Structure formats: structure tokens, C-alpha cells
Amino acid sequence: MAPKECNACSDPTNNTEHAIAMLELAGLRATGARVILTTLLFDDISDCHTTAEILYEKAFKAGSRVSLATVYNTLRLFTSVGLLRQISVNSTQVYFDTDTSEHQHFYNENTGELINIKENLLAEIILPELPECTRLMGVDMLVLVSN
Ligand SMILES: [Zn+2]
């Protein structure tokens, strides 16, 4: 995955300033919890997929006492303003992706790992005719794998 381009702040090495600038650009108030979660989400570009539970654990280890409910609400809010993309791998497991570009995923059912697929699978796919009075919002493809 290519690193995200961000012109949100003048100094990309200042994590807090960067997080505040990202939130303000998205039209969100930079509360303490949002700044911490933004920093944890977007600082490690090698790790673009997370769940609420994983992010909650990272925040706890970083010394933050943000509740799991706040983490859930923040992830949903960030998704609604386009900072994150939500990927439902099954009826109970939801991932959040900091890479909001069009791409598909492998999901390893053994490890629970979500992996970006490098190839553009959608270029090969013929989409069906859409139901009446609907518009295409996107195509999510999950390739299930197992060890
Ligand atoms: Zn992804």
C-alpha cells in the first residue's frame, strides 16, 4: 500500500498536530479521544486494517483510557466522514481500513488477518444490471483463505 498523501499540516512528523489537522479537514472537532485514536490509526501506514477491539487495546497500551464504546463510535464517525472504510468480513466481524482507495481483500479465516489484494480485480468483472431505482455505491470483494 502506498503511503497516504497528506497536506493537512506543515509538519507530518508532529503526530498530534497532524491528527488535529486531519480531523479539522474532515469537519470534526478535535477532542482528546479523537486525536489519540487518529494518531494510533494513521501513524503506522504498514498496518491499515484494524478492529475496534485492536484499536482499543493499542490505546490502552499507549496509556489512554478511552472506552471501547468511544472507540466504536469514533470508528463509525470516521467512516461516515470518509476517513476510514468499513469492511464486514462476516456477520460479527467488522474491520476498518485507513486506505479508503478502491481495493479488495483476502481474509484469512484462521488468523483473522485482512490483506490487501494488489491486483485490480474489478477490472475483470462484469457487474450485473442494478435493481431499479438504485445506484452503485461500490463493490466489496472478499477472497476467503485459510492456512
Ligand atoms: Zn485494505
# chains A, B, ... in the order shown; residues from 1 in each chain; ligands from 1
>>> residues_near_ligand(ligand="ligand 1", cutoff="7 Å", atoms="only C-alpha atoms and all ligand atoms", output="PyMOL selection string")
chain A and resi 48-49+97+99+103-105+115-116
>>> residues_around(residues="Ala19 of chain A", least_positions_apart="3", cutoff="10 Å", atoms="only C-alpha atoms", output="PyMOL selection string")
chain A and resi 8-9+12+14-16+22-25+30+34-43
>>> residues_around(residues="segment 78-88 of chain A", least_positions_apart="3", cutoff="7 Å", atoms="only C-alpha atoms", output="JSON, numbers by chain")
{"A": [26, 74, 75, 93, 94, 95, 96, 97, 98, 99, 100]}
>>> write_last_selection(atoms="N, CA, C and O atoms", output="PDB file, in the first residue's frame")
ATOM      1  N   ALA A  26     -11.622  17.102   8.033  1.00  0.00           N
ATOM      2  CA  ALA A  26     -12.808  16.246   7.882  1.00  0.00           C
ATOM      3  C   ALA A  26     -14.048  16.888   8.496  1.00  0.00           C
ATOM      4  O   ALA A  26     -15.138  16.312   8.452  1.00  0.00           O
ATOM      5  N   THR A  74     -16.195   6.328  17.511  1.00  0.00           N
ATOM      6  CA  THR A  74     -15.230   7.118  16.747  1.00  0.00           C
ATOM      7  C   THR A  74     -14.945   6.461  15.393  1.00  0.00           C
ATOM      8  O   THR A  74     -14.882   7.143  14.363  1.00  0.00           O
ATOM      9  N   LEU A  75     -14.802   5.143  15.380  1.00  0.00           N
ATOM     10  CA  LEU A  75     -14.562   4.447  14.111  1.00  0.00           C
ATOM     11  C   LEU A  75     -15.745   4.642  13.156  1.00  0.00           C
ATOM     12  O   LEU A  75     -15.563   4.869  11.962  1.00  0.00           O
ATOM     13  N   GLN A  93     -17.838  -9.739  12.527  1.00  0.00           N
ATOM     14  CA  GLN A  93     -16.515  -9.119  12.498  1.00  0.00           C
ATOM     15  C   GLN A  93     -16.450  -7.970  11.493  1.00  0.00           C
ATOM     16  O   GLN A  93     -16.692  -8.178  10.305  1.00  0.00           O
ATOM     17  N   VAL A  94     -16.134  -6.786  11.997  1.00  0.00           N
ATOM     18  CA  VAL A  94     -16.023  -5.598  11.153  1.00  0.00           C
ATOM     19  C   VAL A  94     -14.615  -5.037  11.280  1.00  0.00           C
ATOM     20  O   VAL A  94     -14.108  -4.862  12.390  1.00  0.00           O
ATOM     21  N   TYR A  95     -13.988  -4.792  10.146  1.00  0.00           N
ATOM     22  CA  TYR A  95     -12.673  -4.150  10.114  1.00  0.00           C
ATOM     23  C   TYR A  95     -12.834  -2.720   9.615  1.00  0.00           C
ATOM     24  O   TYR A  95     -13.797  -2.398   8.919  1.00  0.00           O
ATOM     25  N   PHE A  96     -11.846  -1.903   9.953  1.00  0.00           N
ATOM     26  CA  PHE A  96     -11.804  -0.537   9.452  1.00  0.00           C
ATOM     27  C   PHE A  96     -10.460  -0.349   8.764  1.00  0.00           C
ATOM     28  O   PHE A  96      -9.421  -0.756   9.290  1.00  0.00           O
ATOM     29  N   ASP A  97     -10.499   0.257   7.575  1.00  0.00           N
ATOM     30  CA  ASP A  97      -9.322   0.367   6.712  1.00  0.00           C
ATOM     31  C   ASP A  97      -8.975   1.840   6.556  1.00  0.00           C
ATOM     32  O   ASP A  97      -9.820   2.648   6.155  1.00  0.00           O
ATOM     33  N   THR A  98      -7.720   2.189   6.878  1.00  0.00           N
ATOM     34  CA  THR A  98      -7.306   3.584   6.698  1.00  0.00           C
ATOM     35  C   THR A  98      -7.016   3.895   5.230  1.00  0.00           C
ATOM     36  O   THR A  98      -6.895   5.054   4.860  1.00  0.00           O
ATOM     37  N   ASP A  99      -6.908   2.858   4.414  1.00  0.00           N
ATOM     38  CA  ASP A  99      -6.744   3.048   2.975  1.00  0.00           C
ATOM     39  C   ASP A  99      -8.139   3.039   2.352  1.00  0.00           C
ATOM     40  O   ASP A  99      -8.748   1.977   2.195  1.00  0.00           O
ATOM     41  N   THR A 100      -8.651   4.214   2.049  1.00  0.00           N
ATOM     42  CA  THR A 100     -10.028   4.313   1.549  1.00  0.00           C
ATOM     43  C   THR A 100     -10.101   4.192   0.030  1.00  0.00           C
ATOM     44  O   THR A 100     -11.174   4.329  -0.547  1.00  0.00           O
TER      45      THR A 100
END
>>> closest_residue(among="A:Phe106, A:Lys58, A:Met137, A:Leu28", to="Glu119 of chain A", atoms="only C-alpha atoms")
A:Phe106
>>> atom_distance(atom1="atom CA of Ser67 of chain A", atom2="atom CA of Leu55 of chain A")
10.6 Å
>>> select_by_dssp(residues="chain A", states="strand (DSSP E)", output="number ranges by chain")
A: 49-50, 85-88, 94-97, 104-108, 114-117, 142-145
>>> closest_residue(among="A:Ala33, A:Leu68, A:Arg76, A:Leu144", to="Glu113 of chain A", atoms="only C-alpha atoms")
A:Leu144
